[in-house]
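Enquirer: What follows is a single structure, and I will ask about it in a moment.
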Amino acid sequence: MEQHRSHNPNPSHQNRPSAYKREREDNGRNHCENKHSRPNRPQNQSGPSRGQNPHSSLSLSTRRELYERDFPVYKQPVEVGCFSLDSERRFFNDGRQMRYYVEPDRSPNFDLRDGYKDRFIKRDDSVKEKLDHMLRWILANRSKLSARGTTASSCDLDIDFVTWRGHLTKLLTAPYETREGWQLAVTRFRGTLYISEVETEAARRDQENRTERHEEMMYWGYKFEQYTCADTVHGRPDPGGVLNTNEAFCTVVQTRLADHRLLFSGEVDCRDKDPNAPAPPACYIELKTSAEICTPKQRSNFHRFKLLKWWAQSFLPGVPRVMAGFRDEEGVVVAVETFPISKISHLIKNEHNCWKPTVCMNFCSDFLSFVKHIATEDNPSVVYLLSWEPRRDVTFSVHRDSPYCFLPHWFVEEMTSSQPSHQS
């Protein structure tokens, strides 16, 4: 994963301001001071919409050409812990839900429809867990994260951002996303910025209006995992068992993007069972399904759209490969292929006007800088809501003591106490 290595940008690019800084400089200073320096903002204050005076608000562009700079420094992600969620979605500070990859035949003929009607327990999508499981892990592992060299802030984390890997994936893909917008809630608490997703109205409608076919096709991805994963290192897959999507194994990784210290968690499908495999996260494997590719147009779309999301999702935590099952219209896997993450950029290089990893990572870095600039009040009851729709700028509004608050009282109280917790 050569792009994980730290490197210094080309000096000719070092002084190039970010997208939001350029706008700020063009618009002058006064609007920044008026907008962001008042400690007692009215609740739900937001900037004017596009088309009104641009000098009255700060926004962040997603235009791709603004991010075609040198690849930013991204340190090799280090796994600092893991956790498991059981069949009832209960949290455990251990790896009990880890699974082991079992290589299938190249033409396995897996029936992904099997068990959908009678052996499927689906997680309740209406329950919004926000960052809660990640926060439980932090409380159980505070000693690993405490700021070093100071006793006055011994319970502060040595981290700039805490979030889910999936939220960062949406940031990486935003410059190329044309369909789905997002909303991210940000709270600054004891020096760390927490980022949690807010369901958009469009996403809520899409979920309510899913067809039975769509629901079944979502099951197919989980079923492929059941065909290729064993519960123990010497075990075999059990595709005849009950499939319960409440269960999950999650890695927790620490890394740095430019000057942003990141702590995030993401679900891991399985690991290499070879005893000589490298340490996590380099032994992890992401499993995917996709429609079989029969025409050049289908291959081009696969490269331009699907590989972007696969790359972003795995590159962030340092997962080195995706194993993909290609299925026919009836949900039967007809081929399996390995995609090393480090090779994906070479696969897409001949596609006209295709996505660029450097644009993805630079936008993410500038977004995090933008968040640091606007989310100044350190208060668990204050939420900065960042909103984005395709072909628009990222905008934000400020909410105090609102339904957008997402840091639970149990976390705030425990983090404010003097002694780190040692729960398990």
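Chain identifiers are assigned as A, B, and so on, following the order in which chains appear in the structure tokens; residues are numbered from 1 within each chain, and ligands are numbered from 1 in order of appearance.
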Would you list, as a ChimeraX atom specification, the residues of stretch 39-136 of chain A that end up in strand (DSSP E) under DSSP run on this structure's backbone?

Expert: /A:45-46,78-85,91-92,100-101,110-111,120-121

Enquirer: Which neighbours of stretch 315-330 of chain A fall inside 9 Å, counting only C-alpha atoms, when residues of the same chain fewer than 6 positions from it are skipped, and could you give them as a VMD selection string?

Expert: chain A and resid 1 4 76 to 79 109 to 113 165 168 to 169 221 224 251 to 255 264 to 266 268 280 to 293 336 to 342

Enquirer: Selected residues, C-alpha atoms, written as a PDB file, in the first residue's frame, please.

Expert:
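Dumped everything to selection.pdb:
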ATOM      1  CA  MET A   1       0.000   0.000   0.000  1.00  0.00           C
ATOM      2  CA  HIS A   4       0.128   5.011   2.984  1.00  0.00           C
ATOM      3  CA  GLN A  76       0.109   3.537   7.881  1.00  0.00           C
ATOM      4  CA  PRO A  77      -2.973   2.768  10.016  1.00  0.00           C
ATOM      5  CA  VAL A  78      -2.236   0.952  13.275  1.00  0.00           C
ATOM      6  CA  GLU A  79      -4.812  -1.253  14.960  1.00  0.00           C
ATOM      7  CA  ASN A 109     -21.890 -21.586  -7.831  1.00  0.00           C
ATOM      8  CA  PHE A 110     -22.958 -20.248  -4.432  1.00  0.00           C
ATOM      9  CA  ASP A 111     -26.721 -19.669  -4.264  1.00  0.00           C
ATOM     10  CA  LEU A 112     -27.002 -16.309  -2.513  1.00  0.00           C
ATOM     11  CA  ARG A 113     -30.792 -16.586  -2.200  1.00  0.00           C
ATOM     12  CA  ARG A 165     -14.790   4.421   8.814  1.00  0.00           C
ATOM     13  CA  LEU A 168     -14.801   8.937   6.173  1.00  0.00           C
ATOM     14  CA  THR A 169     -15.568   6.795   3.123  1.00  0.00           C
ATOM     15  CA  GLY A 221     -23.696  -9.750   0.299  1.00  0.00           C
ATOM     16  CA  PHE A 224     -21.525 -14.561   0.361  1.00  0.00           C
ATOM     17  CA  THR A 251     -11.302  -2.990  14.175  1.00  0.00           C
ATOM     18  CA  VAL A 252     -10.261   0.294  15.805  1.00  0.00           C
ATOM     19  CA  VAL A 253      -7.384   2.029  14.028  1.00  0.00           C
ATOM     20  CA  GLN A 254      -5.308   5.110  14.642  1.00  0.00           C
ATOM     21  CA  THR A 255      -3.620   7.064  11.882  1.00  0.00           C
ATOM     22  CA  PHE A 264     -11.958   5.358  13.694  1.00  0.00           C
ATOM     23  CA  SER A 265     -13.615   1.985  13.666  1.00  0.00           C
ATOM     24  CA  GLY A 266     -14.963  -0.164  10.873  1.00  0.00           C
ATOM     25  CA  VAL A 268     -14.145  -6.313   9.301  1.00  0.00           C
ATOM     26  CA  PRO A 280      -3.842  -6.627  11.746  1.00  0.00           C
ATOM     27  CA  PRO A 281      -5.004  -4.711   9.836  1.00  0.00           C
ATOM     28  CA  ALA A 282      -2.796  -6.169   7.049  1.00  0.00           C
ATOM     29  CA  CYS A 283      -4.289  -9.659   7.516  1.00  0.00           C
ATOM     30  CA  TYR A 284      -7.883  -8.489   7.090  1.00  0.00           C
ATOM     31  CA  ILE A 285      -9.941  -9.224   3.975  1.00  0.00           C
ATOM     32  CA  GLU A 286     -12.965  -7.326   2.684  1.00  0.00           C
ATOM     33  CA  LEU A 287     -15.674  -9.431   0.977  1.00  0.00           C
ATOM     34  CA  LYS A 288     -17.889  -8.020  -1.763  1.00  0.00           C
ATOM     35  CA  THR A 289     -20.406  -9.164  -4.345  1.00  0.00           C
ATOM     36  CA  SER A 290     -21.099  -7.564  -7.699  1.00  0.00           C
ATOM     37  CA  ALA A 291     -23.001  -8.337 -10.879  1.00  0.00           C
ATOM     38  CA  GLU A 292     -20.960 -10.354 -13.366  1.00  0.00           C
ATOM     39  CA  ILE A 293     -19.267  -8.244 -16.042  1.00  0.00           C
ATOM     40  CA  VAL A 336     -14.397 -15.063  -7.570  1.00  0.00           C
ATOM     41  CA  GLU A 337     -11.623 -12.515  -8.057  1.00  0.00           C
ATOM     42  CA  THR A 338      -9.035 -10.853  -5.798  1.00  0.00           C
ATOM     43  CA  PHE A 339      -8.498  -7.081  -5.942  1.00  0.00           C
ATOM     44  CA  PRO A 340      -5.340  -5.891  -4.141  1.00  0.00           C
ATOM     45  CA  ILE A 341      -6.074  -2.358  -2.953  1.00  0.00           C
ATOM     46  CA  SER A 342      -2.602  -1.174  -4.005  1.00  0.00           C
TER      47      SER A 342
END

Enquirer: By how many Å are atom CA of A:Gln183 and atom CA of A:Arg204 apart?

Expert: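 Value for the atom CA of A:Gln183-atom CA of A:Arg204 distance: 12.4 Å.
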
Enquirer: If you run DSSP over the backbone, which residues in stretch 68-179 of chain A end up alpha helix (DSSP H)? Put them as a PyMOL selection string.

Expert: chain A and resi 132-140+142-145+165-173

Enquirer: In terms of the shortest atom-to-atom distance over only C-alpha atoms, which of A:Gly115, A:Pro408, A:Pro403, A:Pro390 is closest to A:Asp238?

Expert: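 Between A:Gly115, A:Pro408, A:Pro403, A:Pro390, the residue approaching A:Asp238 most closely is A:Gly115.
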